[in-house]
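Okay, structure first, notes after.
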Amino acid sequence: MPHRVILFLVIAAAIISSAQLISVVLSTSPYTASQSVLWEFYVSAFISSSCILGMIIHGIRVRFNKVHLLSNLLTSLRQAALITTVILLSLFFNTLSILKLWDMIPLVLAAVLIEFFFQAEKRPHAHLEYEE
């Protein structure tokens, strides 16, 4: 798909999920809400935050690199999804009253290691030649 089509789909997903998130926040009480409403909140918050943060990161990359590449957009969306996952998992653990600083450190380290994995170059191992 072209760059503009994917960017349009990301913007549309951000608008729809943001509207859903606002609807859930304004119409329900977290103390009396059912579990399905809470899952709806977390899913819409994830999609909305990932899309908005991904567009912000992509905008910063385009501003400084002056290149509109599809790989930049997909990388920005991946990084935004990792950041959003850490934030929402921390929020979820906080609602369960089990969030401590020591629980947050492995979440952040896992996100950083996952990003390092994707940023690593995919090169074949060097073949060593032995001279006899």
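Labels for the structure tokens follow display order: chains A, B, ..., residues from 1 in each chain, ligands from 1.
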
Leu88 (chain A) environment, 8 Å, only C-alpha atoms, sequence neighbours closer than 4 positions dropped, as a PyMOL selection string: chain A and resi 42+46+84+92

Selection above as a file: C-alpha atoms, as a PDB file, in the first residue's frame:
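So the final result, stored in out-v8.pdb, reads:
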```
ATOM      1  CA  TYR A  42      -7.888  -0.415  27.461  1.00  0.00           C
ATOM      2  CA  PHE A  46      -4.099   1.408  23.162  1.00  0.00           C
ATOM      3  CA  THR A  84       1.884   2.575  24.706  1.00  0.00           C
ATOM      4  CA  PHE A  92      -3.409  -1.857  34.423  1.00  0.00           C
TER       5      PHE A  92
END
```

All residues 12 Å or closer to region 64-74 of chain A, only C-alpha atoms, same chain fewer than 6 positions away omitted, as a list in words: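 In the requested form, the answer reads Met1, Pro2, His3, Arg4, Val5, Ile6, Leu7, Phe8, Leu9, Val10, Ser50, Cys51, Leu53, Gly54, Met55, Ile56, Ile57, His58, Ala80, Ala81, Phe118 and Gln119 of chain A.
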
Compile the contact shell of Met104 (chain A) as a PyMOL selection string: residues with an atom at most 9 Å away, counting only C-alpha atoms, same-chain residues fewer than 5 positions apart removed. chain A and resi 86+89-90+99+109

Counting only C-alpha atoms, the residue of A:Ala33, A:Val62, A:Ala45, A:Ile16 that sits nearest Ile87 (chain A):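 With only C-alpha atoms as the atom set, the closest residue is A:Ala45.
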
Please extract the residues of chain A with a backbone DSSP assignment of alpha helix (DSSP H) and present them as a VMD selection string. chain A and resid 3 to 27 35 to 65 70 to 95 101 to 119

I want to know what sits within 12 Å of Val37 (chain A), based on only C-alpha atoms, with residues of the same chain fewer than 3 positions away left out; could you give that as a CSV table (one decimal) with C-alpha atoms, in the first residue's frame?
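Output (around24.csv):
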```csv
chain,number,residue,atom,x,y,z
A,20,GLN,CA,-14.7,5.4,21.5
A,21,LEU,CA,-12.3,6.3,24.3
A,23,SER,CA,-17.4,7.7,24.9
A,24,VAL,CA,-16.3,5.1,27.4
A,25,VAL,CA,-14.8,7.7,29.8
A,27,SER,CA,-20.5,7.4,30.0
A,28,THR,CA,-19.3,4.9,32.5
A,29,SER,CA,-18.0,4.8,36.1
A,30,PRO,CA,-14.9,2.7,36.6
A,31,TYR,CA,-16.2,1.5,40.0
A,32,THR,CA,-19.4,0.1,38.6
A,33,ALA,CA,-18.3,-0.8,35.1
A,34,SER,CA,-18.2,-4.4,33.9
A,40,GLU,CA,-13.0,-1.8,25.8
A,41,PHE,CA,-11.3,1.2,27.6
A,42,TYR,CA,-7.9,-0.4,27.5
A,43,VAL,CA,-8.2,-1.5,23.8
A,44,SER,CA,-9.4,1.9,22.6
```

Nearest candidate to Ile83 (chain A) (options A:Val108, A:Asp103, A:Ser97, A:Arg61; using only C-alpha atoms): A:Val108

Coordinates-based distance that separates CA of Leu101 (chain A) from CA of Ser49 (chain A) (Å, one decimal): 22.7 Å

How many Å separate CA of Ile47 (chain A) from CA of Arg78 (chain A)? 11.9 Å

So how many Å separate CA of Ser36 (chain A) and CA of Gln79 (chain A), to one decimal?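 The value is 27.3 Å.
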
Would you please work out which residue, of A:Ala13, A:Leu38, A:Leu82, A:Leu96, is nearest to Ile52 (chain A) when using only C-alpha atoms?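 Once distances to Ile52 (chain A) are computed over only C-alpha atoms, the minimum belongs to A:Ala13.
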